[in-house]
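This is protein06.cif (mmCIF, C-alpha atoms).
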```cif
data_target
loop_
_atom_site.label_atom_id
_atom_site.label_comp_id
_atom_site.auth_asym_id
_atom_site.auth_seq_id
_atom_site.Cartn_x
_atom_site.Cartn_y
_atom_site.Cartn_z
CA MET A 1121 -53.10 101.96 65.64
CA ALA A 1122 -49.55 102.15 66.94
CA LEU A 1123 -48.66 100.35 70.14
CA SER A 1124 -48.00 102.63 73.09
CA ARG A 1125 -44.86 102.41 75.19
CA ILE A 1126 -46.90 100.71 77.90
CA ASP A 1127 -48.23 98.16 75.38
CA GLU A 1128 -44.69 97.49 74.16
CA THR A 1129 -43.59 96.71 77.70
CA ASP A 1130 -46.69 94.93 78.94
CA LEU A 1131 -47.58 92.98 75.78
CA LEU A 1132 -44.67 92.73 73.35
CA LEU A 1133 -42.03 91.51 75.81
CA PRO A 1134 -44.18 88.63 77.15
CA LEU A 1135 -45.33 87.89 73.59
CA HIS A 1136 -41.76 87.29 72.39
CA GLU A 1137 -40.77 85.44 75.56
CA GLY A 1138 -44.02 83.49 75.86
CA ALA A 1139 -42.94 80.47 73.80
CA ARG A 1140 -40.59 79.52 76.65
CA GLU A 1141 -43.24 79.82 79.35
CA GLU A 1142 -45.28 77.00 80.81
CA PRO A 1143 -48.02 77.22 79.80
CA ARG A 1144 -46.95 79.03 76.66
CA TRP A 1145 -47.85 82.72 76.46
CA GLY A 1146 -49.50 82.67 79.87
CA THR A 1147 -48.25 86.15 80.84
CA PHE A 1148 -49.07 87.67 77.45
CA LEU A 1149 -52.63 86.33 77.45
CA ARG A 1150 -53.27 87.47 81.02
CA ARG A 1151 -52.10 90.99 80.23
CA LEU A 1152 -54.04 91.09 76.95
CA ARG A 1153 -57.15 90.04 78.85
CA GLU A 1154 -56.58 92.84 81.39
CA ARG A 1155 -55.75 95.39 78.67
CA THR A 1156 -58.98 94.71 76.71
CA ARG A 1157 -61.11 93.91 79.79
CA ALA A 1158 -61.92 90.57 78.20
CA ASP A 1159 -63.22 87.56 80.10
CA ASP A 1160 -60.89 85.27 78.18
CA ALA A 1161 -57.93 85.44 75.79
CA ARG A 1162 -56.75 82.46 73.79
CA LEU A 1163 -53.87 81.73 71.44
CA GLU A 1164 -53.61 78.51 69.47
CA ILE A 1165 -50.78 77.49 67.14
CA GLY A 1166 -51.88 76.05 63.80
CA ALA A 1167 -55.59 75.89 64.66
CA SER A 1168 -58.50 77.87 66.03
CA PRO A 1169 -58.86 78.08 69.82
CA LEU A 1170 -62.66 78.17 69.46
CA PRO A 1171 -64.75 75.15 68.50
CA GLY A 1172 -66.86 75.64 65.38
CA ILE A 1173 -64.59 78.34 63.91
CA ALA A 1174 -62.14 76.87 61.40
CA ALA A 1175 -58.79 78.65 61.18
CA GLU A 1176 -58.67 78.34 57.38
CA ARG A 1177 -61.84 80.45 57.10
CA LEU A 1178 -60.04 83.43 58.64
CA ARG A 1179 -58.13 85.69 56.28
CA PRO A 1180 -54.64 86.29 57.70
CA GLY A 1181 -54.19 89.65 59.43
CA ARG A 1182 -57.88 90.56 59.51
CA VAL A 1183 -59.69 90.95 62.85
CA TYR A 1184 -63.18 89.41 62.83
CA ALA A 1185 -66.09 90.26 65.13
CA ALA A 1186 -68.68 87.76 66.37
CA ALA A 1187 -71.35 89.12 63.99
CA GLU A 1188 -69.18 88.21 60.98
CA LEU A 1189 -68.89 84.55 61.89
CA ASP A 1190 -71.26 81.64 61.93
CA ASP A 1191 -71.04 79.43 65.00
CA ALA A 1192 -69.54 82.21 67.11
CA PRO A 1193 -69.84 81.60 70.88
CA PRO A 1194 -72.22 83.73 73.01
CA GLY A 1195 -71.04 87.23 73.92
CA ASP A 1196 -68.64 89.43 72.03
CA LEU A 1197 -65.56 88.26 70.19
CA ARG A 1198 -62.52 89.50 68.30
CA ILE A 1199 -60.49 86.86 66.50
CA MET A 1200 -57.51 87.04 64.13
CA ARG A 1201 -55.36 84.56 62.26
CA VAL A 1202 -51.69 85.35 61.73
CA THR A 1203 -49.27 83.60 59.40
CA GLY A 1204 -45.50 83.71 59.71
CA ARG A 1205 -42.73 82.29 57.60
CA ASP A 1206 -42.11 78.60 56.93
CA GLY A 1207 -45.81 77.78 57.21
CA ALA A 1208 -46.23 78.93 60.81
CA SER A 1209 -49.71 80.14 61.78
CA ALA A 1210 -51.68 80.99 64.92
CA VAL A 1211 -55.11 82.26 65.89
CA LEU A 1212 -55.55 84.88 68.63
CA ALA A 1213 -58.97 85.55 70.17
CA ILE A 1214 -60.44 87.67 72.97
CA LEU A 1215 -63.92 86.94 74.34
CA SER A 1216 -66.30 88.82 76.62
CA ASN A 1217 -69.66 87.96 78.14
CA THR A 1218 -70.01 91.30 79.95
CA ARG A 1219 -69.10 94.05 77.47
CA ALA A 1220 -68.86 94.83 73.80
CA PHE A 1221 -65.36 95.28 72.45
CA SER A 1222 -64.46 98.67 71.00
CA ALA A 1223 -62.78 99.50 67.72
CA ALA A 1224 -59.61 100.16 69.72
CA ASP A 1225 -59.60 96.56 70.94
CA GLY A 1226 -59.71 95.28 67.37
CA ALA A 1227 -57.01 97.77 66.37
CA LEU A 1228 -54.82 96.50 69.20
CA LEU A 1229 -54.98 92.97 67.80
CA SER A 1230 -54.10 94.30 64.35
CA ALA A 1231 -51.08 96.10 65.80
CA LEU A 1232 -49.95 92.91 67.51
CA ALA A 1233 -50.22 90.85 64.31
CA PRO A 1234 -46.70 91.42 62.88
CA HIS A 1235 -45.11 90.78 66.27
CA LEU A 1236 -47.13 87.59 66.71
CA ALA A 1237 -46.01 86.47 63.25
CA ILE A 1238 -42.36 86.88 64.29
CA ALA A 1239 -42.96 85.02 67.56
CA ILE A 1240 -44.64 81.99 65.95
CA THR A 1241 -42.04 81.85 63.18
CA GLY A 1242 -39.30 81.63 65.80
CA LEU A 1243 -41.26 79.00 67.70
CA ALA A 1244 -41.78 76.89 64.57
CA ARG A 1245 -38.06 76.99 63.80
CA GLU A 1246 -37.17 76.06 67.38
CA ASP A 1247 -39.63 73.16 67.29
CA ARG A 1248 -38.16 71.87 64.03
CA MET A 1249 -34.62 72.18 65.40
CA ARG A 1250 -35.66 70.35 68.56
CA ALA A 1251 -37.26 67.59 66.47
CA ARG A 1252 -34.10 67.27 64.38
CA LEU A 1253 -31.95 66.96 67.50
CA VAL A 1254 -34.20 64.25 68.90
CA MET A 1255 -34.12 62.41 65.57
CA ALA A 1256 -30.32 62.71 65.35
CA GLU A 1257 -29.92 61.35 68.88
CA ASN A 1258 -32.21 58.43 68.07
CA VAL A 1259 -30.23 57.61 64.92
CA LEU A 1260 -26.94 57.69 66.83
CA ALA A 1261 -28.38 55.56 69.60
CA ARG A 1262 -29.65 52.96 67.10
CA ALA A 1263 -26.15 52.80 65.61
CA GLY A 1264 -24.77 52.15 69.10
CA MET A 1265 -23.26 55.64 69.28
CA GLY A 1266 -23.47 58.59 71.62
CA TRP A 1267 -21.48 61.68 72.49
CA ILE A 1268 -20.11 63.53 75.50
CA CYS A 1269 -18.62 67.03 75.39
CA PHE A 1270 -16.05 68.03 78.01
CA ASP A 1271 -13.63 70.90 78.62
CA ARG A 1272 -9.83 70.91 78.93
CA GLU A 1273 -10.03 69.66 82.49
CA ALA A 1274 -12.32 66.80 81.39
CA ARG A 1275 -15.34 68.37 83.11
CA VAL A 1276 -18.59 67.39 81.41
CA ILE A 1277 -20.24 70.20 79.42
CA ASP A 1278 -23.09 68.20 77.86
CA HIS A 1279 -24.00 64.74 76.59
CA ASP A 1280 -26.77 62.97 74.74
CA ARG A 1281 -28.94 60.19 76.13
CA ALA A 1282 -26.94 57.36 74.54
CA GLY A 1283 -23.62 58.80 75.73
CA GLY A 1284 -24.96 59.08 79.25
CA GLN A 1285 -26.22 55.49 79.13
CA VAL A 1286 -22.81 54.20 78.03
CA ILE A 1287 -21.08 55.94 80.95
CA HIS A 1288 -23.80 54.70 83.32
CA THR A 1289 -23.08 51.15 82.14
CA LEU A 1290 -19.38 51.62 82.90
CA THR A 1291 -19.62 53.40 86.23
CA GLY A 1292 -23.14 52.91 87.58
CA ALA A 1293 -23.80 56.67 87.39
CA SER A 1294 -24.66 59.13 84.61
CA PRO A 1295 -22.21 61.94 83.75
CA THR A 1296 -22.65 65.01 85.95
CA LEU A 1297 -22.48 68.43 84.27
CA GLY A 1298 -19.53 70.43 85.60
CA GLN A 1299 -17.86 67.35 87.11
CA ARG A 1300 -14.91 65.31 85.82
CA LEU A 1301 -15.88 62.62 83.33
CA ARG A 1302 -15.70 59.19 84.97
CA THR A 1303 -15.18 56.05 82.90
CA GLY A 1304 -14.43 53.48 85.59
CA ASP A 1305 -10.83 53.16 84.36
CA ALA A 1306 -8.20 55.11 86.34
CA GLU A 1307 -5.71 55.31 83.46
CA THR A 1308 -8.32 56.62 81.02
CA GLU A 1309 -9.54 59.20 83.54
CA ARG A 1310 -5.93 60.38 84.00
CA LEU A 1311 -5.41 60.57 80.25
CA LEU A 1312 -8.59 62.48 79.30
CA PRO A 1313 -7.58 65.96 80.62
CA LEU A 1314 -4.11 65.57 79.06
CA LEU A 1315 -5.65 64.82 75.67
CA ALA A 1316 -8.23 67.59 76.01
CA ALA A 1317 -5.54 70.15 76.84
CA THR A 1318 -3.29 69.09 73.96
CA PRO A 1319 -4.18 70.82 70.70
CA HIS A 1320 -4.35 68.43 67.73
CA LEU A 1321 -6.14 68.73 64.44
CA LEU A 1322 -6.93 65.08 63.81
CA PRO A 1323 -9.40 62.98 65.81
CA ARG A 1324 -7.82 60.56 68.23
CA ALA A 1325 -9.23 57.15 69.15
CA ILE A 1326 -8.97 55.78 72.69
CA LEU A 1327 -10.27 52.74 74.55
CA LEU A 1328 -12.54 53.83 77.38
CA SER A 1329 -13.19 50.35 78.68
CA ALA A 1330 -11.88 46.89 77.85
CA THR A 1331 -14.75 44.99 79.52
CA PRO A 1332 -17.30 45.82 78.29
CA ARG A 1333 -15.41 47.14 75.32
CA VAL A 1334 -16.23 50.80 74.71
CA GLU A 1335 -14.22 52.85 72.22
CA ALA A 1336 -14.28 56.61 71.76
CA LEU A 1337 -13.15 59.02 69.08
CA LEU A 1338 -12.00 62.37 70.51
CA ILE A 1339 -12.76 65.31 68.22
CA PRO A 1340 -11.62 68.87 69.09
CA SER A 1341 -14.47 71.41 69.06
CA GLY A 1342 -13.13 74.87 69.85
CA PRO A 1343 -12.05 75.00 73.49
CA ALA A 1344 -13.90 71.75 74.17
CA MET A 1345 -13.56 68.11 73.21
CA VAL A 1346 -16.31 65.81 71.94
CA ALA A 1347 -16.04 62.09 72.57
CA LEU A 1348 -17.99 59.93 70.13
CA LEU A 1349 -18.70 56.63 71.86
CA ARG A 1350 -19.30 53.26 70.25
CA ALA A 1351 -20.87 50.52 72.32
CA PRO A 1352 -21.64 46.91 71.32
CA ALA A 1353 -24.94 46.32 69.53
CA VAL A 1354 -27.71 44.59 71.45
CA ASN A 1355 -29.39 41.58 69.86
CA GLY A 1356 -32.89 42.58 70.87
CA PRO A 1357 -36.14 41.59 69.16
CA ALA A 1358 -36.03 44.55 66.75
CA ARG A 1359 -32.60 43.64 65.42
CA ILE A 1360 -33.49 39.96 65.01
CA ALA A 1361 -36.75 40.88 63.26
CA ALA A 1362 -34.90 43.22 60.89
CA ILE A 1363 -32.37 40.53 59.94
CA MET A 1364 -35.22 38.09 59.29
CA ALA A 1365 -37.13 40.58 57.12
CA LEU A 1366 -34.15 41.76 55.07
CA HIS A 1367 -32.63 38.35 54.35
CA GLY A 1368 -35.56 35.92 54.49
CA LEU A 1369 -34.16 34.03 57.49
CA THR A 1370 -35.89 32.00 60.16
CA ARG A 1371 -35.66 33.27 63.71
CA SER A 1372 -33.04 30.67 64.62
CA GLU A 1373 -30.96 31.59 61.58
CA ALA A 1374 -31.27 35.31 62.34
CA ARG A 1375 -30.14 34.79 65.96
CA LEU A 1376 -27.09 32.91 64.73
CA ALA A 1377 -26.36 35.59 62.14
CA ALA A 1378 -26.55 38.34 64.78
CA THR A 1379 -24.27 36.41 67.13
CA LEU A 1380 -21.72 35.85 64.37
CA ALA A 1381 -21.90 39.55 63.47
CA ASP A 1382 -20.91 40.34 67.05
CA GLY A 1383 -17.65 38.49 66.48
CA ALA A 1384 -18.41 35.01 67.81
CA SER A 1385 -16.99 31.92 66.13
CA ILE A 1386 -19.30 29.14 65.00
CA ALA A 1387 -18.45 27.16 68.16
CA GLU A 1388 -18.97 30.19 70.42
CA ALA A 1389 -22.27 31.05 68.74
CA ALA A 1390 -23.48 27.45 69.07
CA ALA A 1391 -22.70 27.44 72.78
CA ALA A 1392 -24.36 30.85 73.32
CA LEU A 1393 -27.55 29.77 71.51
CA GLY A 1394 -27.74 26.24 72.87
CA LEU A 1395 -27.06 24.59 69.50
CA THR A 1396 -24.79 21.74 68.57
CA ILE A 1397 -21.80 22.70 66.45
CA GLU A 1398 -23.16 20.59 63.60
CA THR A 1399 -26.52 22.40 63.73
CA ALA A 1400 -24.78 25.79 63.81
CA ARG A 1401 -22.67 24.81 60.79
CA ASN A 1402 -25.79 23.74 58.87
CA TYR A 1403 -27.47 27.04 59.77
CA SER A 1404 -24.40 28.99 58.67
CA LYS A 1405 -24.42 27.33 55.24
CA ARG A 1406 -28.05 28.36 54.79
CA LEU A 1407 -27.16 31.86 56.00
CA TYR A 1408 -24.47 32.28 53.36
CA ALA A 1409 -26.82 31.03 50.64
CA LYS A 1410 -29.76 33.21 51.63
CA THR A 1411 -27.69 36.38 52.15
CA GLY A 1412 -25.52 35.85 49.06
CA THR A 1413 -22.33 36.02 51.11
CA ARG A 1414 -19.13 33.99 50.70
CA GLY A 1415 -18.37 33.16 54.30
CA GLN A 1416 -18.48 34.47 57.84
CA ALA A 1417 -16.42 37.60 57.18
CA ASP A 1418 -18.63 38.58 54.25
CA LEU A 1419 -21.76 37.86 56.32
CA VAL A 1420 -20.52 40.09 59.15
CA ARG A 1421 -19.77 42.89 56.69
CA ARG A 1422 -23.25 42.59 55.17
CA LEU A 1423 -24.99 42.74 58.55
CA LEU A 1424 -22.90 45.53 60.05
CA THR A 1425 -23.29 47.81 57.03
CA GLY A 1426 -27.00 47.14 56.46
CA ALA A 1427 -30.15 48.60 57.93
CA ALA A 1428 -30.45 45.77 60.49
CA ALA A 1429 -27.51 47.31 62.36
CA LEU A 1430 -29.76 50.31 63.12
CA ALA A 1431 -32.69 48.28 64.45
#
```
Can you present the structure in this file as structure tokens?
Amino acid sequence: MALSRIDETDLLLPLHEGAREEPRWGTFLRRLRERTRADDARLEIGASPLPGIAAERLRPGRVYAAAELDDAPPGDLRIMRVTGRDGASAVLAILSNTRAFSAADGALLSALAPHLAIAITGLAREDRMRARLVMAENVLARAGMGWICFDREARVIDHDRAGGQVIHTLTGASPTLGQRLRTGDAETERLLPLLAATPHLLPRAILLSATPRVEALLIPSGPAMVALLRAPAVNGPARIAAIMALHGLTRSEARLAATLADGASIAEAAAALGLTIETARNYSKRLYAKTGTRGQADLVRRLLTGAAALA
């Protein structure tokens, strides 16, 4: 059965646009229900929308009737599993308690199958891309990094969560799309549009803020500019726990190690942690022995280049 022009307009368009609806495919399912005079129409990604009917029992592309299935719900039923590329799959079902479906209703589902396969393949790829973006943002954030994209007039085009948080720390407000990027430093804000409007092939580093210290690397990206931001690491529980686990340190030793890695001297670290200088020196000797480092500089290098820096 070929889809009619009306079916193409009423069913195919909402089918291909339905992944961006909330709830997904709401318009498509409503129109399919009206088209087949069904009491219900359901579409489930990766599983069966009906309890008791396992998706893996359905041969892809074949339309099943209620009489062919064990554990079918009361009334009449047409159900079909569709597989797309990259492992994408979905099950589409129409149900009726008031009428028996015709052969044309089953044929309509068959005709929709290749279009549904395209739709779920696109959805699966979008979901994977979205998951990758979230993962990439989390990795950058754990490394104390974020990004902000702005145009040649330094108006914000987009930013990630970590980049927005850095700017919020500096100014008390998150970047506003379409508005000039604010850093809290008048000279930097004056310089940003000049740098963005000046074509250069190599990345350029600038200091966004001296206190707290926030550095940025400006990278040209077509007509826009991307600022990679680097903020100081935070010695939270996760970072301390990671240092302890990786190097066999006590909690007190790990806190000292993290403070030294942030650039503090032995005396500064002792004062920050409430230790005597003699105690801090004794801890530091144990730190060097346990981590296999040859002094404070080597210890800092080990901590900043290891996995604990991402905790």
Pull out every residue that the PyMOL selection byres ((chain A and resi 1427) around 12) matches in the shown coordinates and put them as a list in words.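 Selected by the PyMOL selection byres ((chain A and resi 1427) around 12) here: Val1259, Arg1262, Ala1263, Ala1358, Arg1359, Ile1360, Ala1361, Ala1362, Ile1363, Met1364, Ala1365, Leu1366, His1367, Arg1421, Arg1422, Leu1423, Leu1424, Thr1425, Gly1426, Ala1428, Ala1429, Leu1430 and Ala1431 of chain A.
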Looking at A:Gly1368, A:Ala1293, A:Ala1261, A:Arg1275, which one is nearest to Leu1348 in chain A, with distances taken over only C-alpha atoms?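 Ranking A:Gly1368, A:Ala1293, A:Ala1261, A:Arg1275 by distance to Leu1348 in chain A, first place goes to A:Ala1261.
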Pairwise distance for CA of Asp1247 in chain A and CA of Ala1208 in chain A, rounded to one decimal in Å: 10.9 Å
Output of the PyMOL selection byres ((chain A and resi 1147) around 12), listed as a tab-separated table (two decimals) with C-alpha atoms, keeping the file's coordinate frame:
```tsv
chain	number	residue	atom	x	y	z
A	1129	THR	CA	-43.59	96.71	77.70
A	1130	ASP	CA	-46.69	94.93	78.94
A	1131	LEU	CA	-47.58	92.98	75.78
A	1132	LEU	CA	-44.67	92.73	73.35
A	1133	LEU	CA	-42.03	91.51	75.81
A	1134	PRO	CA	-44.18	88.63	77.15
A	1135	LEU	CA	-45.33	87.89	73.59
A	1136	HIS	CA	-41.76	87.29	72.39
A	1137	GLU	CA	-40.77	85.44	75.56
A	1138	GLY	CA	-44.02	83.49	75.86
A	1139	ALA	CA	-42.94	80.47	73.80
A	1140	ARG	CA	-40.59	79.52	76.65
A	1141	GLU	CA	-43.24	79.82	79.35
A	1142	GLU	CA	-45.28	77.00	80.81
A	1143	PRO	CA	-48.02	77.22	79.80
A	1144	ARG	CA	-46.95	79.03	76.66
A	1145	TRP	CA	-47.85	82.72	76.46
A	1146	GLY	CA	-49.50	82.67	79.87
A	1148	PHE	CA	-49.07	87.67	77.45
A	1149	LEU	CA	-52.63	86.33	77.45
A	1150	ARG	CA	-53.27	87.47	81.02
A	1151	ARG	CA	-52.10	90.99	80.23
A	1152	LEU	CA	-54.04	91.09	76.95
A	1153	ARG	CA	-57.15	90.04	78.85
A	1154	GLU	CA	-56.58	92.84	81.39
A	1161	ALA	CA	-57.93	85.44	75.79
A	1162	ARG	CA	-56.75	82.46	73.79
A	1163	LEU	CA	-53.87	81.73	71.44
```
Near range 1297-1312 of chain A, within 6 Å and counting all atoms listed in the file, which residues show up once chain neighbours fewer than 4 positions away are dropped, as a PyMOL selection string? chain A and resi 1274-1277+1290-1291
Å distance separating CA of Asp1191 in chain A from CA of Pro1171 in chain A, one decimal place: 8.4 Å
If you count only C-alpha atoms, which residues fall within 8 Å of range 1193-1201 of chain A, apart from same-chain ones fewer than 4 positions away, as an MDAnalysis selection string? chainID A and resid 1175 1178:1186 1209:1221 1226 1229
What gap, in Å, lies between CA of Lys1405 in chain A and CA of Glu1373 in chain A?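 These two atoms are separated by 10.1 Å.
Distances to Leu1232 in chain A were evaluated for A:Glu1128, A:Ala1174, A:Glu1273, A:Ala1158 using only C-alpha atoms, and the minimum falls at A:Glu1128.
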With a distance cut-off of 9 Å and all atoms listed in the file, select the neighbouring residues of Pro1343 in chain A, excluding the residue or stretch itself and same-chain residues fewer than 4 positions from it, and output the selection as a list in words.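 Result of the neighbour search: Asp1271, Arg1272, Ala1316 and Ala1317 of chain A.
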Go ahead and write the residues just picked, C-alpha atoms, as a compact mmCIF listing (two decimals), keeping the file's coordinate frame.
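Written output follows (selection.txt):
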```txt
# COMPACT_ATOMS: atom_id res chain seq x y z
CA ASP A 1271 -13.63 70.90 78.62
CA ARG A 1272 -9.83 70.91 78.93
CA ALA A 1316 -8.23 67.59 76.01
CA ALA A 1317 -5.54 70.15 76.84
```
